[in-house]
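Engineer: Here you go, one structure.
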Amino acid sequence: MGPESRLHQILRTLGRLFRRRPAGAIGLCAVTIIAIVAIIGVWIVPYGPTDANPAAQLEPPGPSHWFGTDVSGMDVFSRVVAAARNDLAIGVAATLLALAIGTPLGIVSGYVRGWHSELISRGADILQAFPIFILAMALVALLGQKITNVILVIAFLTSPIYLRLMRGQTYALRQTPFVEAGIVVGNAPRRIISRYIFPMAIPPALTQVSVNVGIAILLTAGLSFVGAGVRVPTPEWGSMISIGAPEMITGQWWVATFPGLAIVVTVLSFSLLGRAIEFLTDPRQR
Amino acid sequence: MVWRYALRRLAIAVPQLFGLLTATFFIVHLLPGDPARLIAGPLASAATIGEIRHRLGLDKPFFQQYLDYVKGLFTHLDLGPSSYTHEAVSSDLLQRFPATFELITLALLGIIVLSLTVGVVSVVFPTSRLGRALRPLAFVYSLVAGALPDFWIGLMLIYAFFFVLHILPAPAGQIDLTLLPPHPITGAQFVDGLLTANPDVIISGFLHLVLPVVTLAIVYGGPIFKVVVGSMTDVWGAEYLRFARACGLPPRTLIRYAVRSALPPVITLSATMYAFLLAGAVLVETVFAWGGVGQYAVQSIVNSDYFAIQGVVLLTGTFTLVVYLLVDLLQLWVDPRIQY
């Protein structure tokens with residue numbers, strides 16, 4: 001198969017995605033655009049994202065400041081664009097880490113029965129008994145308010161999602177004839193897990209990844225909003241909303257509105273992307 | 001039979017609760033941060049920190065600390081002192097919890113009632129004008145619902161209804177600052193206003209409730225909304241309802257049948273929603289200066305109030321556990337198919 005036909009194949013799959021799952025295709029496009037903005041945005045914005053200008057405080061949106069300025073005269077548009085990189089980086093890093101923690105634990109606890117599997121499952125259950133945002137706030141406060149800690153805490157608290165998902169999948173797959181056949185012909189458990197179970201069990205987790213990036217971004221924004229996440233003046237959507245919050249009762253709506261819209265659009269795009277991933281990882285759709 | 005199950009479910013709750021309070025202790029105590037340093041601040045001397053550590057019992061062996069914590073909890077609900085309010089954390093929490101409970105309960109009721117209304121209108125009367133108008137709205141809402149930051153929605157509503165339209169009060173507490181707070185019976189000022197029959201407090205309390213409740217309902221209503229509309233659609237097409245319709249029963253009876261059968265999944269989901277709403281209350285209370293447990297949680301984080309943080313985590317975990325227990329018991333009563 002030459003490289004040309006390979007490209008052809010990808011294009012054909014994308015074409016089918018657009019026809020069968022238009023929402024997923026929109027999500028794919030939107031996330032691509034947001035990712036490009038996150039990567040190159042900092043270099044193309046009109047103002048420095050942390051440059052305060054006392055002469056231009058709380059200016060309404062206009063030709064010189066598209067989204068207006070905040071209370072210290074920082075350009076809201078430049079900050080919304082620059083924040084994309086921070087929010088996306090935290091969201092993606094936390095989600096991938098959660099996947100990396102939850103997946104192996106889930107497979108092992110679904111495949112091997114015994115007290116440690118039980119212990120892992122019960123541990124995850126107890127963790128999920130706490131409202132996630134409150135525990136996240138407490139853990140970041142106790143660990144110290146750093147971006148790496150925000151990532152670690154969100155990853156730790158969202159990993160039970162993957163653990164449960166993979167445990168359920170593994171448990172069900174273990175009883176299927178083809179896995180039993182694999183065991184009977186003498187494959188080692190390691191090989192059963194990596195060749196038989198993992199490829200079959202991972203697609204729902206990948207769909208979940210995309211949705212979880214959105215959840216992680218919402219959590220980050222919430223943490224920063226109450227002052228337990230990314231600190232001012234680092235551009236981050238949640239902390240920008242907290243800067244603009246007092247102005248909502250005095251009428252300067254633009255400071256908090258635009259970063260909030262950025263959150264909504266980004267989280268929505270990632271949840272739509274989940275539908276695209278669901279479609280693309282389904283072997284019946286190839 | 002039902003009683004046996006109920007008792008067994010209650011019995012499970014005991015080790016669960018114990019696991020929860022142990023987990024809280026371990027999560028809070030095994031983290032690398034030093035609580036004495038947190039409380040003392042970055043400029044404190046080693047002697048001050050040592051003194052604080054001794055006063056809080058943090059210089060004792062780890063297991064002894066755990067035993068003290070469990071004993072304190074069971075003998076007199078002792079959660080330690082708050083370094084910020086200088087009160088016992090447990091009394092701080094008891095004082096503030098009713099206001100939060102009022103908020104999230106009203107939000108949950110609002111979500112259920114609205115979802116059922118929309119569900120009935122769009123499933124039972126799909127061709128009516130209202131039913132047709134609701135369909136695109138419902139579609140957009142179920143798409144966007146999971147992507148909304150609660151604190152931002154709160155701020156948007158404040159801008160619209162306080163600053164632009166002037167029809168709702170400023171986001172500052174549960175009643176107008178000019179009013180004398182009612183005698184605290186429950187601690188939730190609107191409820192206390194009702195109990196003391198104080199008309200000014202009732203009106204002001206109601207107006208102050210509108211925006212935070214609506215915020216929570218909009219942001220967290222999505223899952224219940226989808227389930228209600230989905231199960232109404234399923235039930236409405238079920239054989240027994242088609243038969244009932246064919247028999248000529250009045251629409252009111254049919255709707256009652258449908259709602260009755262659509263209810264069990266809603267009740268299960270309500271437990272999860274209660275936990276989500278409690279977490280959501282943290283940010284929404286902060287935006288509206290509500291003065292409940294949510295705002296207390298933020299205050300304790302910002303001030304590194306160690307025991308208060310532990311208390312909040314324990315309270316919210318316990319609340320979730322109790323809600324799940326109650327829902328399981330309620331389910332027995334609503335869904336007669338469950339038998340053990």
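Chain labels follow the order of the structure tokens: the first chain is A, the next B, and so on; residue numbering restarts at 1 in every chain, and ligands are counted from 1 in their shown order.
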Using only C-alpha atoms, which residues of chain B come within 6 Å of chain A, and what is the closest atom pair for each, with the distance in Å to one decimal? Give it as JSON lines, sorted by chain and residue number.
Structural biologist:
{"residue": "B:Gly33", "atom": "CA", "partner": "A:Leu143", "partner_atom": "CA", "distance": 5.5}
{"residue": "B:Ala147", "atom": "CA", "partner": "A:Val267", "partner_atom": "CA", "distance": 5.3}
{"residue": "B:Leu148", "atom": "CA", "partner": "A:Val264", "partner_atom": "CA", "distance": 5.7}
{"residue": "B:Tyr159", "atom": "CA", "partner": "A:Met248", "partner_atom": "CA", "distance": 5.4}
{"residue": "B:Phe163", "atom": "CA", "partner": "A:Ile249", "partner_atom": "CA", "distance": 5.7}
{"residue": "B:Ala275", "atom": "CA", "partner": "A:Pro131", "partner_atom": "CA", "distance": 5.9}
{"residue": "B:Ala279", "atom": "CA", "partner": "A:Pro131", "partner_atom": "CA", "distance": 5.6}
{"residue": "B:Ile301", "atom": "CA", "partner": "A:Ala141", "partner_atom": "CA", "distance": 5.9}
{"residue": "B:Gly317", "atom": "CA", "partner": "A:Phe130", "partner_atom": "CA", "distance": 4.5}
Engineer: Generate the output file for the selected residues, N, CA and C atoms, as a short mmCIF file (atom, residue, chain, number, x, y, z; two decimals), in the first residue's frame.
Structural biologist:
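The result, stored in selection-v9.cif:
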data_model
loop_
_atom_site.label_atom_id
_atom_site.label_comp_id
_atom_site.auth_asym_id
_atom_site.auth_seq_id
_atom_site.Cartn_x
_atom_site.Cartn_y
_atom_site.Cartn_z
N GLY B 33 2.76 18.51 53.01
CA GLY B 33 2.72 19.82 53.65
C GLY B 33 2.72 19.73 55.18
N ALA B 147 -20.88 21.84 29.83
CA ALA B 147 -19.71 22.66 29.53
C ALA B 147 -19.75 24.02 30.23
N LEU B 148 -20.70 24.21 31.16
CA LEU B 148 -20.86 25.53 31.74
C LEU B 148 -20.16 25.64 33.09
N TYR B 159 -25.16 40.03 36.33
CA TYR B 159 -25.08 41.19 35.42
C TYR B 159 -26.45 41.48 34.81
N PHE B 163 -27.63 44.19 37.50
CA PHE B 163 -27.11 45.44 36.94
C PHE B 163 -28.00 46.00 35.83
N ALA B 275 -24.52 15.30 45.37
CA ALA B 275 -23.08 15.44 45.59
C ALA B 275 -22.48 16.50 44.67
N ALA B 279 -20.72 20.25 45.66
CA ALA B 279 -19.44 20.78 45.18
C ALA B 279 -19.67 22.09 44.42
N ILE B 301 -9.53 27.18 52.78
CA ILE B 301 -8.42 26.93 51.85
C ILE B 301 -7.53 28.16 51.76
N GLY B 317 -18.06 14.34 52.34
CA GLY B 317 -18.04 12.90 52.10
C GLY B 317 -19.19 12.20 52.82
#
Engineer: Which residues come within 12 Å of Leu119 (chain A), counting only C-alpha atoms, excluding same-chain residues fewer than 6 positions away, as a list in words?
Structural biologist: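 Final neighbour list, sorted by chain and number: Leu105, Gly106, Val108, Ser109, Arg113, Asp125 and Ile126 of chain A; Gly19 of chain B.
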Engineer: Work out how far apart CA of Pro35 (chain B) and CA of Asp305 (chain B) are and give it in Å to one decimal.
Structural biologist: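 CA of Asp305 (chain B) lies 8.5 Å from CA of Pro35 (chain B).
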Engineer: From the set B:Ala289, B:Asp34, B:Ser90, B:Phe319, which residue has the shortest atom-to-atom contact distance to Ala172 (chain B), counting only C-alpha atoms?
Structural biologist: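 Closest to Ala172 (chain B), using only C-alpha atoms: B:Ala289.
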